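One structure below.
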Amino acid sequence: MLIGIDDTDSPQGMCTTYLGAVVARRLIYEHMQVREARLVRLNPNVTYKTRGNAAVALDVAGDTDRAFEISCATVEELADFACDNTNPGVVVVEQPPDPGFYRQAVRDFCEIGDAVAILDAMGARYRGYKNRRGLIGATAAVASRLPDRTYEILVYRQPVRWGTPRNVDSASLFAAQEATFPHTWDTIDEENDVVVCVPHTPDPVLFGIRGESPSWVMVARSMVASEEPAIEQIWITNQGTDAHLLDGKIGNLKEGLSYRVHGTVASVPLTGTGGHVSFTIHDGHHDVRCMAYEPTKGFRYRVRGLVPGDVVIAVGSYKKGSINLEKMKVISLANVPATRPPLCTMCNKRMTSDGKAKGYKCKKCGARAGEPEVQEVPRVLADGWYEVPPTARRHLAKPLCRGVPDIKQGYHLAPPTSMQQ
Ligand code: ATP
């Protein structure tokens with residue numbers, strides 16, 4: 001069977017992954033076999049989300065009625081029902097539903113009624129609490145198929161420590177990433193010299209390490225020194241896979257969806273209040289604004305290197321008329337010609353302009369020339385992929401260390417150069 005759970009936490013506490021890990025242990029205690037623990041991130045633009053729009057699914061062998069009972073009892077015990085925005089959902093299915101529902105939930109918006117219709121048609125056991133919105137994520141989790149997948153070990157705090165400052169040794173996190181990158185990523189952000197994998201919210205997570213395989217995340221995890229944890233769970237995930245992206249066309253983008261969009265830079269990038277950088281791209285018919293917000297830090301320097309005529313693929317969520325960049329590919333760079341007065345062929349001195357459209361004149365010998373000297377300005381930007389730093393990365397965004405996305409030919413695994421990271 002597959003057990004799906006979602007929407008159990010609030011900004012004040014709890015975490016659906018922790019609750020899922022507790023359910024897994026209670027099922028094992030009753031001699032059930034937990035074959036897989038899966039953590040899916042859904043559309044990052046859903047406004048109801050508490051933090052990262054996560055939902056979990058457990059692949060379990062055992063008694064379905066008992067498993068449903070234990071899952072519901074655990075949700076009733078641990079979910080933060082006091083929060084208006086916490087609307088848990090628990091689903092138990094014997095076969096996975098059509099993956100179309102998962103794909104819609106990760107790339108678009110779903111209705112509670114659509115989830116209920118799928119569950120009713122399958123004769124599934126399910127329980128939706130309060131407004132039942134959690135049934136969307138719970139159904140999506142059990143319907144998920146992960147053609148690309150990564151892993152995360154989540155280390156959870158002892159309940160007595162929840163809400164107190166976390167004690168995780170930063171130096172050990174830096175050492176863990178150094179020893180295991182690029183097989184693990186986003187433990188720390190080297191360029192910005194900050195720890196990324198330790199949350200600051202009052203939830204049960206102590207830290208999480210993301211990577212390519214269970215063994216790599218374990219290697220990194222074993223290097224981390226911290227307060228005594230309560231439990232730990234390795235999750236198989238859609239994090240870092242770009243599962244949220246659609247191929248989009250300028251002029252045809254839908255609010256709240258995430259895209260790869262091909263276009264030509266139409267305006268010089270401008271830095272506005274707060275350090276946010278914006279520019280537009282066009283496709284000959286329509287324009288769209290692209291934004292690199294202040295938290296994307298050094299990525300904005302790359303964006304500022306764009307000039308009109310550069311051809312790019314902009315990747316990110318379309319919100320309020322802008323693509324909020326997660327990464328971009330510079331496909332081709334425009335020539336940026338600069339002109340200056342030519343050298344006098346007689347005196348080897350630079351001529352001066354003789355007035356608008358009047359050509360150039362040598363002050364020394366009086367020689368004249370019609371055309372300026374044209375120089376190509378060297379570009380600071382090279383073609384290739386550029387991404388936001390780990391501090392600003394979305395859970396679903398595929399980091400370039402996992403391989404450079406090749407839009408036409410699928411993904412290949414050539415590592416990027418450090419310049420392009
Ligand atoms: P938690 O740890 O509790 O999962 P979270 O940040 O992941 O916290 P939720 O509290 O689960 O966010 O809130 C997200 C809500 O949005 C859930 O009720 C989920 O069912 C719902 N949801 C998720 N994806 C979609 C979608 N694509 N369309 C509509 N609703 C969605």
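Just so we're on the same page: first chain in the structure tokens is A, next is B, and so on; residues restart at 1 for each chain, and ligands are numbered from 1 in the order they show up.
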
Could you give me, as a VMD selection string, the residues within 12 Å of Lys320 (chain A), counting only C-alpha atoms and dropping anything in the same chain fewer than 3 positions from it?
chain A and resid 45 253 to 257 288 to 291 317 323 to 324

Please report as JSON lines every residue of chain A lying within 8 Å of ligand 1, along with the nearest atom pair and their distance in Å (one decimal), using only C-alpha atoms and all ligand atoms.
```
{"residue": "A:Asp6", "atom": "CA", "partner": "ligand 1", "partner_atom_place_in_ligand_line": "4 (O)", "distance": 5.0}
{"residue": "A:Asp7", "atom": "CA", "partner": "ligand 1", "partner_atom_place_in_ligand_line": "11 (O)", "distance": 3.4}
{"residue": "A:Thr8", "atom": "CA", "partner": "ligand 1", "partner_atom_place_in_ligand_line": "3 (O)", "distance": 4.2}
{"residue": "A:Asp9", "atom": "CA", "partner": "ligand 1", "partner_atom_place_in_ligand_line": "3 (O)", "distance": 4.0}
{"residue": "A:Ser10", "atom": "CA", "partner": "ligand 1", "partner_atom_place_in_ligand_line": "10 (O)", "distance": 6.4}
{"residue": "A:Met14", "atom": "CA", "partner": "ligand 1", "partner_atom_place_in_ligand_line": "2 (O)", "distance": 7.2}
{"residue": "A:Cys15", "atom": "CA", "partner": "ligand 1", "partner_atom_place_in_ligand_line": "2 (O)", "distance": 4.3}
{"residue": "A:Thr16", "atom": "CA", "partner": "ligand 1", "partner_atom_place_in_ligand_line": "2 (O)", "distance": 4.0}
{"residue": "A:Thr17", "atom": "CA", "partner": "ligand 1", "partner_atom_place_in_ligand_line": "2 (O)", "distance": 6.3}
{"residue": "A:Arg41", "atom": "CA", "partner": "ligand 1", "partner_atom_place_in_ligand_line": "7 (O)", "distance": 7.3}
{"residue": "A:Leu42", "atom": "CA", "partner": "ligand 1", "partner_atom_place_in_ligand_line": "24 (N)", "distance": 4.9}
{"residue": "A:Asn43", "atom": "CA", "partner": "ligand 1", "partner_atom_place_in_ligand_line": "27 (N)", "distance": 4.9}
{"residue": "A:Pro44", "atom": "CA", "partner": "ligand 1", "partner_atom_place_in_ligand_line": "24 (N)", "distance": 7.8}
{"residue": "A:Val46", "atom": "CA", "partner": "ligand 1", "partner_atom_place_in_ligand_line": "25 (C)", "distance": 5.8}
{"residue": "A:Thr47", "atom": "CA", "partner": "ligand 1", "partner_atom_place_in_ligand_line": "16 (O)", "distance": 7.3}
{"residue": "A:Tyr48", "atom": "CA", "partner": "ligand 1", "partner_atom_place_in_ligand_line": "15 (C)", "distance": 4.9}
{"residue": "A:Lys49", "atom": "CA", "partner": "ligand 1", "partner_atom_place_in_ligand_line": "13 (O)", "distance": 3.4}
{"residue": "A:Thr50", "atom": "CA", "partner": "ligand 1", "partner_atom_place_in_ligand_line": "6 (O)", "distance": 3.5}
{"residue": "A:Arg51", "atom": "CA", "partner": "ligand 1", "partner_atom_place_in_ligand_line": "6 (O)", "distance": 3.4}
{"residue": "A:Gly52", "atom": "CA", "partner": "ligand 1", "partner_atom_place_in_ligand_line": "6 (O)", "distance": 4.1}
{"residue": "A:Asn53", "atom": "CA", "partner": "ligand 1", "partner_atom_place_in_ligand_line": "7 (O)", "distance": 3.0}
{"residue": "A:Ala54", "atom": "CA", "partner": "ligand 1", "partner_atom_place_in_ligand_line": "7 (O)", "distance": 3.5}
{"residue": "A:Ala55", "atom": "CA", "partner": "ligand 1", "partner_atom_place_in_ligand_line": "4 (O)", "distance": 5.0}
{"residue": "A:Val56", "atom": "CA", "partner": "ligand 1", "partner_atom_place_in_ligand_line": "4 (O)", "distance": 7.8}
{"residue": "A:Asn85", "atom": "CA", "partner": "ligand 1", "partner_atom_place_in_ligand_line": "10 (O)", "distance": 7.1}
{"residue": "A:Thr86", "atom": "CA", "partner": "ligand 1", "partner_atom_place_in_ligand_line": "10 (O)", "distance": 5.9}
{"residue": "A:Asn87", "atom": "CA", "partner": "ligand 1", "partner_atom_place_in_ligand_line": "18 (O)", "distance": 6.0}
{"residue": "A:Pro88", "atom": "CA", "partner": "ligand 1", "partner_atom_place_in_ligand_line": "18 (O)", "distance": 6.8}
{"residue": "A:Gly89", "atom": "CA", "partner": "ligand 1", "partner_atom_place_in_ligand_line": "20 (O)", "distance": 7.4}
{"residue": "A:Gln104", "atom": "CA", "partner": "ligand 1", "partner_atom_place_in_ligand_line": "27 (N)", "distance": 6.4}
{"residue": "A:Ala105", "atom": "CA", "partner": "ligand 1", "partner_atom_place_in_ligand_line": "27 (N)", "distance": 3.5}
{"residue": "A:Val106", "atom": "CA", "partner": "ligand 1", "partner_atom_place_in_ligand_line": "27 (N)", "distance": 5.6}
{"residue": "A:Arg107", "atom": "CA", "partner": "ligand 1", "partner_atom_place_in_ligand_line": "27 (N)", "distance": 6.7}
{"residue": "A:Asp108", "atom": "CA", "partner": "ligand 1", "partner_atom_place_in_ligand_line": "27 (N)", "distance": 5.1}
{"residue": "A:Phe109", "atom": "CA", "partner": "ligand 1", "partner_atom_place_in_ligand_line": "28 (N)", "distance": 3.5}
{"residue": "A:Cys110", "atom": "CA", "partner": "ligand 1", "partner_atom_place_in_ligand_line": "28 (N)", "distance": 3.9}
{"residue": "A:Glu111", "atom": "CA", "partner": "ligand 1", "partner_atom_place_in_ligand_line": "29 (C)", "distance": 5.9}
{"residue": "A:Ile112", "atom": "CA", "partner": "ligand 1", "partner_atom_place_in_ligand_line": "30 (N)", "distance": 7.5}
{"residue": "A:Arg132", "atom": "CA", "partner": "ligand 1", "partner_atom_place_in_ligand_line": "18 (O)", "distance": 7.4}
{"residue": "A:Arg133", "atom": "CA", "partner": "ligand 1", "partner_atom_place_in_ligand_line": "18 (O)", "distance": 4.1}
{"residue": "A:Gly134", "atom": "CA", "partner": "ligand 1", "partner_atom_place_in_ligand_line": "18 (O)", "distance": 3.6}
{"residue": "A:Leu135", "atom": "CA", "partner": "ligand 1", "partner_atom_place_in_ligand_line": "20 (O)", "distance": 5.4}
{"residue": "A:Ile136", "atom": "CA", "partner": "ligand 1", "partner_atom_place_in_ligand_line": "20 (O)", "distance": 3.9}
{"residue": "A:Gly137", "atom": "CA", "partner": "ligand 1", "partner_atom_place_in_ligand_line": "20 (O)", "distance": 3.6}
{"residue": "A:Ala138", "atom": "CA", "partner": "ligand 1", "partner_atom_place_in_ligand_line": "20 (O)", "distance": 6.5}
{"residue": "A:Ala140", "atom": "CA", "partner": "ligand 1", "partner_atom_place_in_ligand_line": "24 (N)", "distance": 7.9}
```

Could you find all residues in region 255-323 of chain A that DSSP calls strand (DSSP E) from the backbone, and write them as an MDAnalysis selection string?
chainID A and resid 258:265 270:271 277:282 287:292 311:319 322:323

Polymer residues at most 12 Å from Ile231 (chain A), only C-alpha atoms, same-chain spacing of 4 or more positions, as a list in words:
Thr17, Tyr18, Leu19, Gly20, Ala21, Val22, Val23, Ala24, Arg25, Ile153, Leu154, Val155, Tyr156, Arg157, Gln158, Pro159, Pro204, Val205, Leu206 and Phe207 of chain A

Can you pull out every residue from region 74-214 of chain A that DSSP, working from the backbone, puts in alpha helix (DSSP H), and format the result as number ranges by chain?
A: 74-78, 100-107, 112-122, 134-143, 170-180, 214

Within 10 Å of Gly248 (chain A), counting only C-alpha atoms, which residues show up once you throw out same-chain ones fewer than 3 positions away? Write them as a PyMOL selection string, please.
chain A and resi 245+251-254+257-262+314-315+318

Give me a file of those residues, with N, CA, C and O atoms, as a PDB file, in the first residue's frame.
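Listed below is the output, result.pdb:
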```pdb
ATOM      1  N   LEU A 245       9.163  22.401 -13.782  1.00  0.00           N
ATOM      2  CA  LEU A 245       9.298  23.259 -14.959  1.00  0.00           C
ATOM      3  C   LEU A 245       8.524  22.768 -16.174  1.00  0.00           C
ATOM      4  O   LEU A 245       8.501  21.568 -16.469  1.00  0.00           O
ATOM      5  N   GLY A 251       4.227  35.469 -23.621  1.00  0.00           N
ATOM      6  CA  GLY A 251       2.887  35.856 -24.071  1.00  0.00           C
ATOM      7  C   GLY A 251       1.861  34.784 -23.761  1.00  0.00           C
ATOM      8  O   GLY A 251       0.665  34.972 -23.920  1.00  0.00           O
ATOM      9  N   ASN A 252       2.351  33.612 -23.326  1.00  0.00           N
ATOM     10  CA  ASN A 252       1.430  32.506 -23.069  1.00  0.00           C
ATOM     11  C   ASN A 252       1.761  31.849 -21.726  1.00  0.00           C
ATOM     12  O   ASN A 252       1.693  30.636 -21.594  1.00  0.00           O
ATOM     13  N   LEU A 253       2.177  32.668 -20.751  1.00  0.00           N
ATOM     14  CA  LEU A 253       2.595  32.126 -19.453  1.00  0.00           C
ATOM     15  C   LEU A 253       1.459  32.297 -18.450  1.00  0.00           C
ATOM     16  O   LEU A 253       0.777  33.326 -18.446  1.00  0.00           O
ATOM     17  N   LYS A 254       1.294  31.288 -17.595  1.00  0.00           N
ATOM     18  CA  LYS A 254       0.168  31.324 -16.645  1.00  0.00           C
ATOM     19  C   LYS A 254       0.703  31.637 -15.242  1.00  0.00           C
ATOM     20  O   LYS A 254       1.716  31.060 -14.812  1.00  0.00           O
ATOM     21  N   LEU A 257       2.869  29.326 -12.423  1.00  0.00           N
ATOM     22  CA  LEU A 257       3.532  28.138 -12.972  1.00  0.00           C
ATOM     23  C   LEU A 257       5.002  28.473 -13.237  1.00  0.00           C
ATOM     24  O   LEU A 257       5.369  29.658 -13.316  1.00  0.00           O
ATOM     25  N   SER A 258       5.820  27.452 -13.379  1.00  0.00           N
ATOM     26  CA  SER A 258       7.269  27.671 -13.515  1.00  0.00           C
ATOM     27  C   SER A 258       7.722  27.165 -14.886  1.00  0.00           C
ATOM     28  O   SER A 258       7.298  26.092 -15.313  1.00  0.00           O
ATOM     29  N   TYR A 259       8.586  27.949 -15.511  1.00  0.00           N
ATOM     30  CA  TYR A 259       8.889  27.702 -16.928  1.00  0.00           C
ATOM     31  C   TYR A 259      10.373  27.793 -17.261  1.00  0.00           C
ATOM     32  O   TYR A 259      11.143  28.432 -16.542  1.00  0.00           O
ATOM     33  N   ARG A 260      10.674  27.219 -18.452  1.00  0.00           N
ATOM     34  CA  ARG A 260      11.890  27.561 -19.196  1.00  0.00           C
ATOM     35  C   ARG A 260      11.388  28.359 -20.396  1.00  0.00           C
ATOM     36  O   ARG A 260      10.541  27.861 -21.141  1.00  0.00           O
ATOM     37  N   VAL A 261      11.924  29.567 -20.568  1.00  0.00           N
ATOM     38  CA  VAL A 261      11.422  30.443 -21.630  1.00  0.00           C
ATOM     39  C   VAL A 261      12.588  30.964 -22.455  1.00  0.00           C
ATOM     40  O   VAL A 261      13.545  31.526 -21.913  1.00  0.00           O
ATOM     41  N   HIS A 262      12.469  30.786 -23.767  1.00  0.00           N
ATOM     42  CA  HIS A 262      13.501  31.188 -24.701  1.00  0.00           C
ATOM     43  C   HIS A 262      13.219  32.627 -25.144  1.00  0.00           C
ATOM     44  O   HIS A 262      12.079  32.945 -25.466  1.00  0.00           O
ATOM     45  N   ALA A 314      15.375  31.711 -19.915  1.00  0.00           N
ATOM     46  CA  ALA A 314      15.104  32.160 -18.547  1.00  0.00           C
ATOM     47  C   ALA A 314      14.305  31.068 -17.864  1.00  0.00           C
ATOM     48  O   ALA A 314      13.327  30.570 -18.418  1.00  0.00           O
ATOM     49  N   VAL A 315      14.733  30.686 -16.654  1.00  0.00           N
ATOM     50  CA  VAL A 315      14.071  29.592 -15.935  1.00  0.00           C
ATOM     51  C   VAL A 315      13.572  30.112 -14.587  1.00  0.00           C
ATOM     52  O   VAL A 315      14.354  30.653 -13.802  1.00  0.00           O
ATOM     53  N   TYR A 318       6.565  32.180 -12.987  1.00  0.00           N
ATOM     54  CA  TYR A 318       5.932  33.369 -13.548  1.00  0.00           C
ATOM     55  C   TYR A 318       4.943  33.907 -12.525  1.00  0.00           C
ATOM     56  O   TYR A 318       3.947  33.247 -12.207  1.00  0.00           O
TER      57      TYR A 318
END
```

Could you build a table of the residues in region 332-351 of chain A lying no more than 6 Å from region 364-377 of chain A, giving for each the nearest pair of atoms and their separation in Å rounded to one decimal place, using only C-alpha atoms, ordered by chain and ascending residue number, as a tab-separated table?
```
residue	atom	partner	partner_atom	distance
A:Val336	CA	A:Val377	CA	5.6
A:Pro337	CA	A:Glu376	CA	4.6
A:Ala338	CA	A:Gln375	CA	5.2
A:Thr339	CA	A:Val374	CA	4.5
A:Arg340	CA	A:Glu373	CA	5.4
A:Pro341	CA	A:Pro372	CA	4.9
A:Pro342	CA	A:Glu373	CA	4.8
```

Expected file: the selected residues, all heavy atoms, as a PDB file, in the first residue's frame:
```pdb
ATOM      1  N   VAL A 336      28.917  43.702 -29.016  1.00  0.00           N
ATOM      2  CA  VAL A 336      28.670  45.060 -28.520  1.00  0.00           C
ATOM      3  C   VAL A 336      29.725  45.958 -29.143  1.00  0.00           C
ATOM      4  O   VAL A 336      30.840  46.066 -28.637  1.00  0.00           O
ATOM      5  CB  VAL A 336      28.773  45.123 -26.980  1.00  0.00           C
ATOM      6  CG1 VAL A 336      28.345  46.493 -26.477  1.00  0.00           C
ATOM      7  CG2 VAL A 336      27.930  44.039 -26.352  1.00  0.00           C
ATOM      8  N   PRO A 337      29.395  46.587 -30.275  1.00  0.00           N
ATOM      9  CA  PRO A 337      30.408  47.430 -30.912  1.00  0.00           C
ATOM     10  C   PRO A 337      30.508  48.784 -30.212  1.00  0.00           C
ATOM     11  O   PRO A 337      29.514  49.339 -29.781  1.00  0.00           O
ATOM     12  CB  PRO A 337      29.897  47.584 -32.347  1.00  0.00           C
ATOM     13  CG  PRO A 337      28.434  47.320 -32.265  1.00  0.00           C
ATOM     14  CD  PRO A 337      28.130  46.588 -30.986  1.00  0.00           C
ATOM     15  N   ALA A 338      31.727  49.275 -30.098  1.00  0.00           N
ATOM     16  CA  ALA A 338      31.933  50.626 -29.550  1.00  0.00           C
ATOM     17  C   ALA A 338      32.736  51.390 -30.604  1.00  0.00           C
ATOM     18  O   ALA A 338      33.633  50.833 -31.235  1.00  0.00           O
ATOM     19  CB  ALA A 338      32.711  50.547 -28.257  1.00  0.00           C
ATOM     20  N   THR A 339      32.411  52.637 -30.810  1.00  0.00           N
ATOM     21  CA  THR A 339      33.140  53.416 -31.834  1.00  0.00           C
ATOM     22  C   THR A 339      33.933  54.529 -31.162  1.00  0.00           C
ATOM     23  O   THR A 339      33.546  55.012 -30.093  1.00  0.00           O
ATOM     24  CB  THR A 339      32.158  54.049 -32.842  1.00  0.00           C
ATOM     25  OG1 THR A 339      31.257  54.872 -32.127  1.00  0.00           O
ATOM     26  CG2 THR A 339      31.403  53.001 -33.635  1.00  0.00           C
ATOM     27  N   ARG A 340      35.031  54.878 -31.813  1.00  0.00           N
ATOM     28  CA  ARG A 340      35.795  56.057 -31.363  1.00  0.00           C
ATOM     29  C   ARG A 340      36.466  56.657 -32.595  1.00  0.00           C
ATOM     30  O   ARG A 340      36.588  55.986 -33.641  1.00  0.00           O
ATOM     31  CB  ARG A 340      36.802  55.676 -30.280  1.00  0.00           C
ATOM     32  CG  ARG A 340      37.798  54.626 -30.675  1.00  0.00           C
ATOM     33  CD  ARG A 340      38.765  54.423 -29.528  1.00  0.00           C
ATOM     34  NE  ARG A 340      39.756  53.411 -29.873  1.00  0.00           N
ATOM     35  CZ  ARG A 340      40.835  53.174 -29.160  1.00  0.00           C
ATOM     36  NH1 ARG A 340      41.074  53.866 -28.074  1.00  0.00           N
ATOM     37  NH2 ARG A 340      41.681  52.241 -29.523  1.00  0.00           N
ATOM     38  N   PRO A 341      36.929  57.910 -32.501  1.00  0.00           N
ATOM     39  CA  PRO A 341      37.556  58.539 -33.676  1.00  0.00           C
ATOM     40  C   PRO A 341      38.759  57.715 -34.142  1.00  0.00           C
ATOM     41  O   PRO A 341      39.464  57.121 -33.319  1.00  0.00           O
ATOM     42  CB  PRO A 341      38.000  59.909 -33.150  1.00  0.00           C
ATOM     43  CG  PRO A 341      37.111  60.176 -31.982  1.00  0.00           C
ATOM     44  CD  PRO A 341      36.841  58.836 -31.364  1.00  0.00           C
ATOM     45  N   PRO A 342      38.983  57.660 -35.448  1.00  0.00           N
ATOM     46  CA  PRO A 342      40.112  56.847 -35.956  1.00  0.00           C
ATOM     47  C   PRO A 342      41.462  57.523 -35.694  1.00  0.00           C
ATOM     48  O   PRO A 342      41.511  58.701 -35.340  1.00  0.00           O
ATOM     49  CB  PRO A 342      39.823  56.786 -37.457  1.00  0.00           C
ATOM     50  CG  PRO A 342      39.080  58.053 -37.738  1.00  0.00           C
ATOM     51  CD  PRO A 342      38.264  58.362 -36.521  1.00  0.00           C
TER      52      PRO A 342
END
```

Hey, which bits of region 87-169 of chain A sit within 6 Å of region 210-222 of chain A, and for each residue what's the closest pair of atoms and how far apart in Å (one decimal), counting only C-alpha atoms, rows by chain and increasing number, as a Markdown table?
```
| residue | atom | partner | partner_atom | distance |
| --- | --- | --- | --- | --- |
| A:Thr150 | CA | A:Glu212 | CA | 5.2 |
| A:Tyr151 | CA | A:Gly211 | CA | 5.3 |
| A:Glu152 | CA | A:Arg210 | CA | 4.3 |
```

Write out the residues from the selection above, keeping N, CA and C atoms, as a short mmCIF file (atom, residue, chain, number, x, y, z; two decimals), in the first residue's frame.
```cif
data_model
loop_
_atom_site.label_atom_id
_atom_site.label_comp_id
_atom_site.auth_asym_id
_atom_site.auth_seq_id
_atom_site.Cartn_x
_atom_site.Cartn_y
_atom_site.Cartn_z
N THR A 150 16.39 12.38 -6.09
CA THR A 150 17.56 12.62 -5.24
C THR A 150 17.18 12.13 -3.84
N TYR A 151 18.10 12.31 -2.91
CA TYR A 151 17.86 11.80 -1.55
C TYR A 151 18.12 12.91 -0.55
N GLU A 152 17.43 12.85 0.58
CA GLU A 152 17.75 13.77 1.67
C GLU A 152 17.64 13.01 2.98
#
```

Given only C-alpha atoms as the basis, pick out the residue of A:Met32, A:Ala115, A:Leu39, A:Ala397 nearest to Ile236 (chain A).
A:Leu39

When you look at Arg103 (chain A) with a cut-off of 9 Å (counting only C-alpha atoms), what residues show up, excluding the ones that are within fewer than 6 positions of it in the same chain? I need them as a ChimeraX atom specification.
/A:42,140,143-145,243-244

Tell me which protein, DNA and RNA residues are within 10 Å of Val303 (chain A), counting only C-alpha atoms, leaving out same-chain ones fewer than 4 positions away, and put them as a VMD selection string.
chain A and resid 268 to 270 277 to 279 290 to 292 298 to 299 307 325 327 to 328 330 381 386

Skip Pro165 (chain A) itself and residues of its chain fewer than 2 positions away, then list as a list in words all residues within 12 Å of it, counting only C-alpha atoms.
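The residues that qualify are Arg157, Val160, Arg161, Trp162, Gly163, Asn167, Val168, Val198, Pro199, His200, Thr201, Pro202, Asp203, Pro204, Val205, Leu206, Ser226 and Glu227 of chain A.
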
Could you jot down the CA of Ala57 (chain A) to CA of Val40 (chain A) separation for me, Å, one decimal place?
8.0 Å

Figure out the distance between CA of Thr187 (chain A) and CA of Gly305 (chain A), please, to one decimal in Å.
28.4 Å

Proximity to Arg304 (chain A) - best of A:Lys356, A:Asp287, A:Val380, A:Glu232, only C-alpha atoms:
A:Val380

Nearest residue to Ala176 (chain A) out of A:Met223, A:Val194, A:Val75, A:Leu343, using only C-alpha atoms?
A:Met223

Two-atom distance - CA of Asp383 (chain A), CA of His276 (chain A) (Å):
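These two atoms are separated by 22.6 Å.
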